[in-house]
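Have a look at work-v8.txt below; it lists compact mmCIF, N, CA and C atoms and all ligand atoms.
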```txt
# COMPACT_ATOMS: atom_id res chain seq x y z
N MET A 180 87.90 -153.20 44.21
CA MET A 180 87.51 -154.04 43.08
C MET A 180 86.67 -155.21 43.58
N HIS A 181 85.37 -155.02 43.52
CA HIS A 181 84.38 -155.96 44.03
C HIS A 181 84.52 -157.35 43.43
N GLU A 182 84.60 -157.42 42.10
CA GLU A 182 84.65 -158.72 41.42
C GLU A 182 85.91 -159.50 41.78
N MET A 183 87.04 -158.78 42.01
CA MET A 183 88.26 -159.49 42.33
C MET A 183 88.15 -160.17 43.69
N SER A 184 87.53 -159.51 44.67
CA SER A 184 87.43 -160.15 45.98
C SER A 184 86.47 -161.35 45.91
N ILE A 185 85.45 -161.26 45.07
CA ILE A 185 84.55 -162.40 44.88
C ILE A 185 85.31 -163.56 44.24
N ALA A 186 86.08 -163.24 43.19
CA ALA A 186 86.83 -164.28 42.49
C ALA A 186 87.80 -164.98 43.43
N LEU A 187 88.48 -164.20 44.26
CA LEU A 187 89.44 -164.79 45.19
C LEU A 187 88.73 -165.68 46.21
N ALA A 188 87.55 -165.25 46.65
CA ALA A 188 86.79 -166.05 47.62
C ALA A 188 86.34 -167.37 47.01
N VAL A 189 85.91 -167.32 45.74
CA VAL A 189 85.46 -168.54 45.06
C VAL A 189 86.64 -169.51 44.91
N VAL A 190 87.78 -168.98 44.46
CA VAL A 190 88.96 -169.83 44.29
C VAL A 190 89.35 -170.44 45.64
N GLY A 191 89.31 -169.67 46.69
CA GLY A 191 89.65 -170.17 48.02
C GLY A 191 88.73 -171.30 48.46
N GLN A 192 87.43 -171.13 48.19
CA GLN A 192 86.46 -172.17 48.58
C GLN A 192 86.67 -173.46 47.81
N VAL A 193 86.92 -173.32 46.50
CA VAL A 193 87.10 -174.53 45.68
C VAL A 193 88.40 -175.23 46.09
N GLU A 194 89.44 -174.46 46.37
CA GLU A 194 90.70 -175.07 46.78
C GLU A 194 90.55 -175.82 48.10
N SER A 195 89.83 -175.26 49.05
CA SER A 195 89.71 -175.99 50.31
C SER A 195 88.85 -177.22 50.15
N ALA A 196 87.86 -177.18 49.24
CA ALA A 196 87.06 -178.38 48.96
C ALA A 196 87.94 -179.45 48.32
N ALA A 197 88.84 -179.04 47.43
CA ALA A 197 89.73 -179.99 46.77
C ALA A 197 90.66 -180.65 47.79
N ARG A 198 91.18 -179.85 48.70
CA ARG A 198 92.09 -180.40 49.71
C ARG A 198 91.35 -181.35 50.64
N ALA A 199 90.11 -181.01 50.97
CA ALA A 199 89.32 -181.84 51.87
C ALA A 199 88.99 -183.18 51.20
N ALA A 200 88.86 -183.16 49.86
CA ALA A 200 88.41 -184.36 49.14
C ALA A 200 89.55 -185.35 48.90
N LYS A 201 90.76 -184.87 48.91
CA LYS A 201 91.85 -185.75 48.51
C LYS A 201 92.24 -186.70 49.64
N GLY A 202 92.71 -187.90 49.27
CA GLY A 202 93.25 -188.83 50.24
C GLY A 202 94.68 -188.45 50.57
N ASP A 203 95.27 -189.11 51.58
CA ASP A 203 96.62 -188.77 52.00
C ASP A 203 97.65 -188.94 50.90
N ASP A 204 97.45 -189.97 50.07
CA ASP A 204 98.46 -190.27 49.06
C ASP A 204 98.15 -189.65 47.71
N ASP A 205 97.01 -189.04 47.59
CA ASP A 205 96.60 -188.51 46.29
C ASP A 205 97.01 -187.06 46.15
N ALA A 206 97.18 -186.67 44.91
CA ALA A 206 97.31 -185.25 44.64
C ALA A 206 95.90 -184.66 44.74
N ALA A 207 95.80 -183.42 45.16
CA ALA A 207 94.49 -182.79 45.22
C ALA A 207 93.93 -182.70 43.81
N PRO A 208 92.62 -182.93 43.65
CA PRO A 208 92.03 -182.84 42.32
C PRO A 208 92.08 -181.40 41.79
N THR A 209 92.15 -181.29 40.48
CA THR A 209 92.14 -179.95 39.90
C THR A 209 90.76 -179.67 39.30
N ALA A 210 90.39 -178.44 39.28
CA ALA A 210 89.07 -178.06 38.78
C ALA A 210 89.17 -177.64 37.32
N ARG A 211 88.18 -178.06 36.54
CA ARG A 211 88.11 -177.69 35.12
C ARG A 211 87.15 -176.52 34.90
N GLY A 212 86.20 -176.42 35.80
CA GLY A 212 85.23 -175.35 35.61
C GLY A 212 84.41 -175.13 36.87
N VAL A 213 83.93 -173.93 37.02
CA VAL A 213 83.11 -173.57 38.16
C VAL A 213 81.88 -172.83 37.65
N THR A 214 80.71 -173.22 38.18
CA THR A 214 79.50 -172.50 37.84
C THR A 214 79.04 -171.72 39.07
N LEU A 215 78.82 -170.45 38.87
CA LEU A 215 78.38 -169.59 39.95
C LEU A 215 76.94 -169.17 39.71
N ARG A 216 76.15 -169.16 40.79
CA ARG A 216 74.79 -168.65 40.70
C ARG A 216 74.86 -167.18 41.14
N VAL A 217 74.51 -166.29 40.24
CA VAL A 217 74.64 -164.87 40.52
C VAL A 217 73.29 -164.18 40.40
N GLY A 218 72.82 -163.63 41.48
CA GLY A 218 71.57 -162.88 41.46
C GLY A 218 71.71 -161.62 40.64
N GLU A 219 70.65 -161.26 39.91
CA GLU A 219 70.76 -160.07 39.04
C GLU A 219 70.84 -158.79 39.87
N LEU A 220 70.55 -158.88 41.16
CA LEU A 220 70.65 -157.70 42.02
C LEU A 220 71.91 -157.72 42.87
N ALA A 221 72.80 -158.66 42.61
CA ALA A 221 74.01 -158.80 43.43
C ALA A 221 75.06 -157.75 43.08
N GLY A 222 74.83 -157.02 42.00
CA GLY A 222 75.76 -155.96 41.64
C GLY A 222 77.07 -156.47 41.07
N VAL A 223 77.01 -157.64 40.43
CA VAL A 223 78.23 -158.23 39.87
C VAL A 223 78.16 -158.15 38.35
N VAL A 224 79.25 -157.73 37.73
CA VAL A 224 79.33 -157.71 36.27
C VAL A 224 79.98 -159.02 35.82
N PRO A 225 79.20 -159.91 35.17
CA PRO A 225 79.73 -161.23 34.84
C PRO A 225 81.03 -161.20 34.04
N ASP A 226 81.15 -160.31 33.06
CA ASP A 226 82.37 -160.24 32.25
C ASP A 226 83.57 -159.89 33.11
N SER A 227 83.35 -158.94 34.00
CA SER A 227 84.42 -158.50 34.88
C SER A 227 84.80 -159.62 35.84
N LEU A 228 83.78 -160.35 36.32
CA LEU A 228 84.04 -161.46 37.23
C LEU A 228 84.84 -162.56 36.53
N ARG A 229 84.48 -162.83 35.28
CA ARG A 229 85.21 -163.85 34.53
C ARG A 229 86.69 -163.47 34.38
N PHE A 230 86.91 -162.22 34.10
CA PHE A 230 88.28 -161.72 33.94
C PHE A 230 89.07 -161.88 35.25
N CYS A 231 88.46 -161.46 36.34
CA CYS A 231 89.12 -161.54 37.65
C CYS A 231 89.35 -163.00 38.05
N PHE A 232 88.39 -163.85 37.70
CA PHE A 232 88.48 -165.27 38.04
C PHE A 232 89.71 -165.88 37.38
N GLU A 233 89.93 -165.52 36.12
CA GLU A 233 91.08 -166.04 35.39
C GLU A 233 92.38 -165.66 36.11
N LEU A 234 92.46 -164.43 36.55
CA LEU A 234 93.66 -163.97 37.27
C LEU A 234 93.79 -164.69 38.61
N ALA A 235 92.66 -164.84 39.30
CA ALA A 235 92.69 -165.44 40.64
C ALA A 235 93.07 -166.91 40.60
N CYS A 236 92.82 -167.56 39.46
CA CYS A 236 93.07 -169.00 39.32
C CYS A 236 94.54 -169.32 39.07
N ALA A 237 95.31 -168.35 38.63
CA ALA A 237 96.70 -168.62 38.26
C ALA A 237 97.44 -169.26 39.43
N ASP A 238 98.19 -170.31 39.13
CA ASP A 238 99.00 -171.00 40.14
C ASP A 238 98.19 -171.62 41.27
N THR A 239 96.94 -171.97 40.99
CA THR A 239 96.15 -172.69 41.98
C THR A 239 95.67 -173.99 41.35
N LEU A 240 94.91 -174.77 42.13
CA LEU A 240 94.33 -176.01 41.60
C LEU A 240 93.29 -175.71 40.53
N LEU A 241 92.96 -174.46 40.36
CA LEU A 241 91.95 -174.07 39.38
C LEU A 241 92.55 -173.47 38.12
N ALA A 242 93.85 -173.52 38.01
CA ALA A 242 94.49 -172.89 36.85
C ALA A 242 93.84 -173.37 35.56
N GLY A 243 93.40 -172.46 34.73
CA GLY A 243 92.78 -172.81 33.46
C GLY A 243 91.31 -173.15 33.55
N ALA A 244 90.75 -173.16 34.76
CA ALA A 244 89.33 -173.49 34.90
C ALA A 244 88.46 -172.39 34.29
N GLU A 245 87.31 -172.81 33.79
CA GLU A 245 86.39 -171.85 33.17
C GLU A 245 85.29 -171.47 34.14
N LEU A 246 84.92 -170.23 34.12
CA LEU A 246 83.83 -169.77 34.98
C LEU A 246 82.56 -169.61 34.16
N SER A 247 81.48 -170.23 34.61
CA SER A 247 80.18 -169.96 33.99
C SER A 247 79.29 -169.35 35.07
N THR A 248 78.34 -168.56 34.63
CA THR A 248 77.43 -167.95 35.60
C THR A 248 75.98 -168.26 35.21
N GLU A 249 75.18 -168.48 36.24
CA GLU A 249 73.73 -168.65 36.08
C GLU A 249 73.11 -167.43 36.73
N THR A 250 72.26 -166.75 35.99
CA THR A 250 71.63 -165.56 36.56
C THR A 250 70.34 -165.94 37.29
N VAL A 251 70.17 -165.41 38.47
CA VAL A 251 68.94 -165.63 39.23
C VAL A 251 68.16 -164.31 39.22
N ALA A 252 66.92 -164.37 38.74
CA ALA A 252 66.10 -163.16 38.66
C ALA A 252 65.72 -162.68 40.06
N GLY A 253 65.61 -161.38 40.21
CA GLY A 253 65.22 -160.81 41.49
C GLY A 253 63.73 -161.02 41.75
N ARG A 254 63.37 -161.38 42.99
CA ARG A 254 61.97 -161.50 43.39
C ARG A 254 61.80 -160.85 44.75
N ALA A 255 60.61 -160.32 44.97
CA ALA A 255 60.32 -159.70 46.26
C ALA A 255 58.96 -160.18 46.76
N ARG A 256 58.78 -160.12 48.08
CA ARG A 256 57.48 -160.48 48.66
C ARG A 256 57.04 -159.34 49.57
N CYS A 257 55.76 -159.06 49.49
CA CYS A 257 55.18 -157.97 50.29
C CYS A 257 54.81 -158.51 51.67
N ALA A 258 55.30 -157.83 52.72
CA ALA A 258 54.99 -158.29 54.08
C ALA A 258 53.49 -158.15 54.40
N PRO A 259 52.86 -157.01 54.14
CA PRO A 259 51.44 -156.87 54.50
C PRO A 259 50.49 -157.81 53.74
N CYS A 260 50.68 -158.00 52.41
CA CYS A 260 49.66 -158.75 51.67
C CYS A 260 50.19 -160.04 51.06
N ASP A 261 51.45 -160.34 51.23
CA ASP A 261 52.02 -161.60 50.78
C ASP A 261 52.10 -161.76 49.26
N ALA A 262 51.96 -160.66 48.52
CA ALA A 262 52.15 -160.75 47.07
C ALA A 262 53.62 -161.04 46.78
N ASP A 263 53.86 -161.64 45.62
CA ASP A 263 55.21 -162.07 45.26
C ASP A 263 55.41 -161.69 43.80
N TRP A 264 56.48 -160.98 43.49
CA TRP A 264 56.65 -160.53 42.10
C TRP A 264 58.12 -160.47 41.71
N ALA A 265 58.32 -160.47 40.38
CA ALA A 265 59.68 -160.30 39.84
C ALA A 265 60.03 -158.83 39.91
N THR A 266 61.16 -158.50 40.50
CA THR A 266 61.49 -157.09 40.71
C THR A 266 61.92 -156.38 39.44
N GLY A 267 62.51 -157.14 38.50
CA GLY A 267 63.07 -156.49 37.32
C GLY A 267 64.31 -155.70 37.70
N LEU A 268 64.85 -155.02 36.71
CA LEU A 268 66.06 -154.24 36.92
C LEU A 268 65.89 -152.87 36.29
N PRO A 269 66.10 -151.76 37.00
CA PRO A 269 66.38 -151.70 38.44
C PRO A 269 65.20 -152.25 39.23
N PRO A 270 65.42 -152.78 40.42
CA PRO A 270 64.37 -153.48 41.15
C PRO A 270 63.21 -152.58 41.57
N ASP A 271 62.00 -153.06 41.34
CA ASP A 271 60.81 -152.36 41.80
C ASP A 271 60.35 -153.03 43.09
N LEU A 272 60.53 -152.34 44.21
CA LEU A 272 60.24 -152.95 45.50
C LEU A 272 58.91 -152.48 46.08
N CYS A 273 58.15 -151.80 45.25
CA CYS A 273 56.85 -151.32 45.70
C CYS A 273 55.81 -152.37 45.29
N CYS A 274 54.99 -152.84 46.25
CA CYS A 274 54.07 -153.94 45.97
C CYS A 274 53.08 -153.59 44.86
N PRO A 275 52.99 -154.42 43.81
CA PRO A 275 52.07 -154.15 42.71
C PRO A 275 50.61 -154.35 43.12
N ARG A 276 50.35 -155.06 44.20
CA ARG A 276 48.97 -155.32 44.61
C ARG A 276 48.46 -154.25 45.57
N CYS A 277 49.22 -153.96 46.64
CA CYS A 277 48.68 -153.02 47.65
C CYS A 277 49.48 -151.73 47.74
N GLY A 278 50.59 -151.64 47.00
CA GLY A 278 51.34 -150.39 46.98
C GLY A 278 52.26 -150.20 48.17
N SER A 279 52.33 -151.17 49.06
CA SER A 279 53.19 -151.03 50.23
C SER A 279 54.66 -151.09 49.83
N GLY A 280 55.50 -150.41 50.57
CA GLY A 280 56.94 -150.48 50.33
C GLY A 280 57.60 -151.46 51.29
N ALA A 281 56.79 -152.13 52.11
CA ALA A 281 57.35 -153.03 53.12
C ALA A 281 57.58 -154.42 52.52
N SER A 282 58.44 -154.45 51.54
CA SER A 282 58.69 -155.73 50.88
C SER A 282 60.08 -156.22 51.22
N GLU A 283 60.30 -157.51 51.03
CA GLU A 283 61.65 -158.02 51.22
C GLU A 283 62.06 -158.79 49.97
N LEU A 284 63.33 -158.70 49.66
CA LEU A 284 63.85 -159.46 48.53
C LEU A 284 63.92 -160.93 48.93
N THR A 285 63.37 -161.80 48.09
CA THR A 285 63.45 -163.23 48.38
C THR A 285 64.44 -163.93 47.46
N ALA A 286 64.83 -163.29 46.37
CA ALA A 286 65.82 -163.86 45.46
C ALA A 286 66.47 -162.72 44.69
N GLY A 287 67.64 -163.00 44.15
CA GLY A 287 68.29 -162.01 43.30
C GLY A 287 69.60 -161.49 43.86
N ARG A 288 69.93 -161.88 45.11
CA ARG A 288 71.20 -161.43 45.65
C ARG A 288 72.17 -162.61 45.83
N GLU A 289 71.85 -163.72 45.20
CA GLU A 289 72.68 -164.91 45.34
C GLU A 289 74.10 -164.66 44.80
N LEU A 290 75.02 -165.29 45.44
CA LEU A 290 76.38 -165.29 44.96
C LEU A 290 77.00 -166.54 45.55
N GLU A 291 76.78 -167.65 44.87
CA GLU A 291 77.20 -168.92 45.45
C GLU A 291 77.66 -169.88 44.37
N ILE A 292 78.45 -170.84 44.79
CA ILE A 292 78.96 -171.83 43.86
C ILE A 292 77.86 -172.86 43.61
N ALA A 293 77.45 -173.01 42.35
CA ALA A 293 76.42 -173.99 42.02
C ALA A 293 77.06 -175.34 41.72
N GLU A 294 78.20 -175.33 41.06
CA GLU A 294 78.80 -176.58 40.63
C GLU A 294 80.29 -176.39 40.39
N VAL A 295 81.05 -177.43 40.72
CA VAL A 295 82.47 -177.46 40.36
C VAL A 295 82.69 -178.69 39.51
N ARG A 296 83.27 -178.52 38.35
CA ARG A 296 83.60 -179.68 37.51
C ARG A 296 85.07 -180.01 37.72
N TRP A 297 85.30 -181.22 38.22
CA TRP A 297 86.67 -181.64 38.52
C TRP A 297 87.26 -182.36 37.33
N ALA A 298 88.57 -182.29 37.21
CA ALA A 298 89.25 -183.08 36.18
C ALA A 298 89.08 -184.55 36.54
N GLU A 299 88.85 -185.38 35.54
CA GLU A 299 88.76 -186.82 35.78
C GLU A 299 90.09 -187.30 36.32
N PRO A 300 90.05 -188.15 37.34
CA PRO A 300 91.32 -188.71 37.78
C PRO A 300 91.91 -189.58 36.67
N ALA A 301 93.21 -189.52 36.50
CA ALA A 301 93.86 -190.31 35.45
C ALA A 301 93.73 -191.79 35.77
N ARG A 302 93.29 -192.57 34.82
CA ARG A 302 93.19 -194.02 34.98
C ARG A 302 94.30 -194.66 34.17
N VAL A 303 94.92 -195.67 34.74
CA VAL A 303 96.04 -196.30 34.05
C VAL A 303 95.56 -197.08 32.84
N THR A 304 94.54 -197.92 33.05
CA THR A 304 94.04 -198.68 31.91
C THR A 304 92.52 -198.62 31.92
N THR A 305 91.93 -198.63 30.76
CA THR A 305 90.49 -198.69 30.63
C THR A 305 90.17 -199.89 29.73
N PRO A 306 89.57 -200.95 30.29
CA PRO A 306 89.23 -202.09 29.44
C PRO A 306 88.25 -201.64 28.35
N GLU A 307 88.51 -202.08 27.15
CA GLU A 307 87.59 -201.73 26.05
C GLU A 307 86.84 -202.95 25.59
N GLU A 308 85.59 -202.78 25.35
CA GLU A 308 84.78 -203.89 24.84
C GLU A 308 84.41 -203.60 23.41
N ASP A 309 84.53 -204.63 22.57
CA ASP A 309 83.97 -204.45 21.24
C ASP A 309 83.52 -205.77 20.62
ZN ZN B 401 51.28 -155.82 49.09
```
With the file now loaded, output its structure as structure tokens.
Ligand SMILES: [Zn+2]
Amino acid sequence: MHEMSIALAVVGQVESAARAAKGDDDAAPTARGVTLRVGELAGVVPDSLRFCFELACADTLLAGAELSTETVAGRARCAPCDADWATGLPPDLCCPRCGSGASELTAGRELEIAEVRWAEPARVTTPEED
């Protein structure tokens, strides 16, 4: 189950960031939401990932956190002629300018955490002005 191992890895990364951020006397911050950058060629099904993420978050600092995904379009560059194009889906890796197949993907396989939204630390009092 590809998406489950990704979800577990994301939860693990956010948890270690939370532990690293906390002071000795503080409770570790909890996460409210995580945004993932997912390349359209990464082979990840966002709905399935969201489902697995919910399961992976149970009993962690991310319990109840929401997962959002940003899709990154696939792009390729041709080694011989330096053309650069959107691969589309399924990816077209044959150069539209010179027809060479010697291209490399430059985007579209991303699978990384773009943003973590932390719960606001509880404040005892907030002065109000009016
Ligand atoms: Zn080319």
Taking only C-alpha atoms and all ligand atoms into account, which residues have an atom no farther than 7 Å from ligand ZN 401 (chain B)? I'd like them as a PyMOL selection string. chain A and resi 257-262+274-279
Apply DSSP to the structure's backbone, then extract all residues of chain A labelled strand (DSSP E) and return them as an MDAnalysis selection string. chainID A and resid 210:218 245:251 254:257 263:265 282:286 290:297
Which is closer to Val217 in chain A than all the others in A:Thr266, A:Thr285, A:Thr250, A:Ser184, using only C-alpha atoms?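 Smallest separation from Val217 in chain A among the options: A:Thr250.
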Option closest in space to Ala237 in chain A, from A:Leu290, A:Ala186, A:Val223, A:Val295 [counting only C-alpha atoms]: A:Ala186
Could you give me, as a PyMOL selection string, the residues within 7 Å of range 226-230 of chain A, counting all atoms listed in the file and dropping anything in the same chain fewer than 6 positions from it? chain A and resi 182-183+186+246
Enumerate, as a ChimeraX atom specification, the complete set of residues in chain A that a backbone-based DSSP assignment places in alpha helix (DSSP H). /A:181-200,225-236
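One distance worth recording is that between atom N of Ser282 in chain A and atom N of Leu220 in chain A, which is 16.6 Å.
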Regenerate range 264-275 of chain A at the level of all heavy atoms and dump it as a PDB file, in the frame of the given file.
```
ATOM      1  N   TRP A 264      56.480-160.980  43.490  1.00  0.00           N
ATOM      2  CA  TRP A 264      56.650-160.530  42.100  1.00  0.00           C
ATOM      3  C   TRP A 264      58.120-160.470  41.710  1.00  0.00           C
ATOM      4  O   TRP A 264      59.001-160.434  42.570  1.00  0.00           O
ATOM      5  CB  TRP A 264      55.986-159.158  41.901  1.00  0.00           C
ATOM      6  CG  TRP A 264      56.651-158.026  42.634  1.00  0.00           C
ATOM      7  CD1 TRP A 264      57.550-157.145  42.118  1.00  0.00           C
ATOM      8  CD2 TRP A 264      56.475-157.655  44.007  1.00  0.00           C
ATOM      9  NE1 TRP A 264      57.944-156.253  43.092  1.00  0.00           N
ATOM     10  CE2 TRP A 264      57.300-156.539  44.246  1.00  0.00           C
ATOM     11  CE3 TRP A 264      55.690-158.155  45.050  1.00  0.00           C
ATOM     12  CZ2 TRP A 264      57.379-155.918  45.496  1.00  0.00           C
ATOM     13  CZ3 TRP A 264      55.761-157.544  46.303  1.00  0.00           C
ATOM     14  CH2 TRP A 264      56.589-156.436  46.511  1.00  0.00           C
ATOM     15  N   ALA A 265      58.320-160.470  40.380  1.00  0.00           N
ATOM     16  CA  ALA A 265      59.680-160.300  39.840  1.00  0.00           C
ATOM     17  C   ALA A 265      60.030-158.830  39.910  1.00  0.00           C
ATOM     18  O   ALA A 265      59.249-157.987  39.448  1.00  0.00           O
ATOM     19  CB  ALA A 265      59.731-160.811  38.406  1.00  0.00           C
ATOM     20  N   THR A 266      61.160-158.500  40.500  1.00  0.00           N
ATOM     21  CA  THR A 266      61.490-157.090  40.710  1.00  0.00           C
ATOM     22  C   THR A 266      61.920-156.380  39.440  1.00  0.00           C
ATOM     23  O   THR A 266      61.748-155.179  39.324  1.00  0.00           O
ATOM     24  CB  THR A 266      62.626-156.943  41.735  1.00  0.00           C
ATOM     25  OG1 THR A 266      63.777-157.620  41.226  1.00  0.00           O
ATOM     26  CG2 THR A 266      62.240-157.536  43.074  1.00  0.00           C
ATOM     27  N   GLY A 267      62.510-157.140  38.500  1.00  0.00           N
ATOM     28  CA  GLY A 267      63.070-156.490  37.320  1.00  0.00           C
ATOM     29  C   GLY A 267      64.310-155.700  37.700  1.00  0.00           C
ATOM     30  O   GLY A 267      64.769-155.740  38.836  1.00  0.00           O
ATOM     31  N   LEU A 268      64.850-155.020  36.710  1.00  0.00           N
ATOM     32  CA  LEU A 268      66.060-154.240  36.920  1.00  0.00           C
ATOM     33  C   LEU A 268      65.890-152.870  36.290  1.00  0.00           C
ATOM     34  O   LEU A 268      65.598-152.813  35.098  1.00  0.00           O
ATOM     35  CB  LEU A 268      67.237-154.936  36.270  1.00  0.00           C
ATOM     36  CG  LEU A 268      68.279-155.643  37.160  1.00  0.00           C
ATOM     37  CD1 LEU A 268      69.430-156.135  36.314  1.00  0.00           C
ATOM     38  CD2 LEU A 268      68.744-154.809  38.304  1.00  0.00           C
ATOM     39  N   PRO A 269      66.100-151.760  37.000  1.00  0.00           N
ATOM     40  CA  PRO A 269      66.380-151.700  38.440  1.00  0.00           C
ATOM     41  C   PRO A 269      65.200-152.250  39.230  1.00  0.00           C
ATOM     42  O   PRO A 269      64.062-152.173  38.757  1.00  0.00           O
ATOM     43  CB  PRO A 269      66.607-150.223  38.701  1.00  0.00           C
ATOM     44  CG  PRO A 269      65.927-149.522  37.577  1.00  0.00           C
ATOM     45  CD  PRO A 269      66.003-150.443  36.406  1.00  0.00           C
ATOM     46  N   PRO A 270      65.420-152.780  40.420  1.00  0.00           N
ATOM     47  CA  PRO A 270      64.370-153.480  41.150  1.00  0.00           C
ATOM     48  C   PRO A 270      63.210-152.580  41.570  1.00  0.00           C
ATOM     49  O   PRO A 270      63.432-151.469  42.056  1.00  0.00           O
ATOM     50  CB  PRO A 270      65.095-154.053  42.375  1.00  0.00           C
ATOM     51  CG  PRO A 270      66.343-153.256  42.506  1.00  0.00           C
ATOM     52  CD  PRO A 270      66.711-152.806  41.124  1.00  0.00           C
ATOM     53  N   ASP A 271      62.000-153.060  41.340  1.00  0.00           N
ATOM     54  CA  ASP A 271      60.810-152.360  41.800  1.00  0.00           C
ATOM     55  C   ASP A 271      60.350-153.030  43.090  1.00  0.00           C
ATOM     56  O   ASP A 271      59.851-154.159  43.069  1.00  0.00           O
ATOM     57  CB  ASP A 271      59.729-152.453  40.721  1.00  0.00           C
ATOM     58  CG  ASP A 271      58.456-151.734  41.160  1.00  0.00           C
ATOM     59  OD1 ASP A 271      58.471-151.083  42.230  1.00  0.00           O
ATOM     60  OD2 ASP A 271      57.455-151.834  40.427  1.00  0.00           O
ATOM     61  N   LEU A 272      60.530-152.340  44.210  1.00  0.00           N
ATOM     62  CA  LEU A 272      60.240-152.950  45.500  1.00  0.00           C
ATOM     63  C   LEU A 272      58.910-152.480  46.080  1.00  0.00           C
ATOM     64  O   LEU A 272      58.583-152.722  47.225  1.00  0.00           O
ATOM     65  CB  LEU A 272      61.378-152.680  46.488  1.00  0.00           C
ATOM     66  CG  LEU A 272      62.715-153.301  46.057  1.00  0.00           C
ATOM     67  CD1 LEU A 272      63.812-152.954  47.043  1.00  0.00           C
ATOM     68  CD2 LEU A 272      62.595-154.807  45.889  1.00  0.00           C
ATOM     69  N   CYS A 273      58.150-151.800  45.250  1.00  0.00           N
ATOM     70  CA  CYS A 273      56.850-151.320  45.700  1.00  0.00           C
ATOM     71  C   CYS A 273      55.810-152.370  45.290  1.00  0.00           C
ATOM     72  O   CYS A 273      55.738-152.765  44.130  1.00  0.00           O
ATOM     73  CB  CYS A 273      56.561-149.979  45.043  1.00  0.00           C
ATOM     74  SG  CYS A 273      55.147-149.157  45.728  1.00  0.00           S
ATOM     75  N   CYS A 274      54.990-152.840  46.250  1.00  0.00           N
ATOM     76  CA  CYS A 274      54.070-153.940  45.970  1.00  0.00           C
ATOM     77  C   CYS A 274      53.080-153.590  44.860  1.00  0.00           C
ATOM     78  O   CYS A 274      52.391-152.574  44.938  1.00  0.00           O
ATOM     79  CB  CYS A 274      53.306-154.288  47.245  1.00  0.00           C
ATOM     80  SG  CYS A 274      52.059-155.572  46.965  1.00  0.00           S
ATOM     81  N   PRO A 275      52.990-154.420  43.810  1.00  0.00           N
ATOM     82  CA  PRO A 275      52.070-154.150  42.710  1.00  0.00           C
ATOM     83  C   PRO A 275      50.610-154.350  43.120  1.00  0.00           C
ATOM     84  O   PRO A 275      49.700-153.857  42.453  1.00  0.00           O
ATOM     85  CB  PRO A 275      52.483-155.150  41.632  1.00  0.00           C
ATOM     86  CG  PRO A 275      53.211-156.236  42.341  1.00  0.00           C
ATOM     87  CD  PRO A 275      53.809-155.633  43.589  1.00  0.00           C
TER      88      PRO A 275
END
```
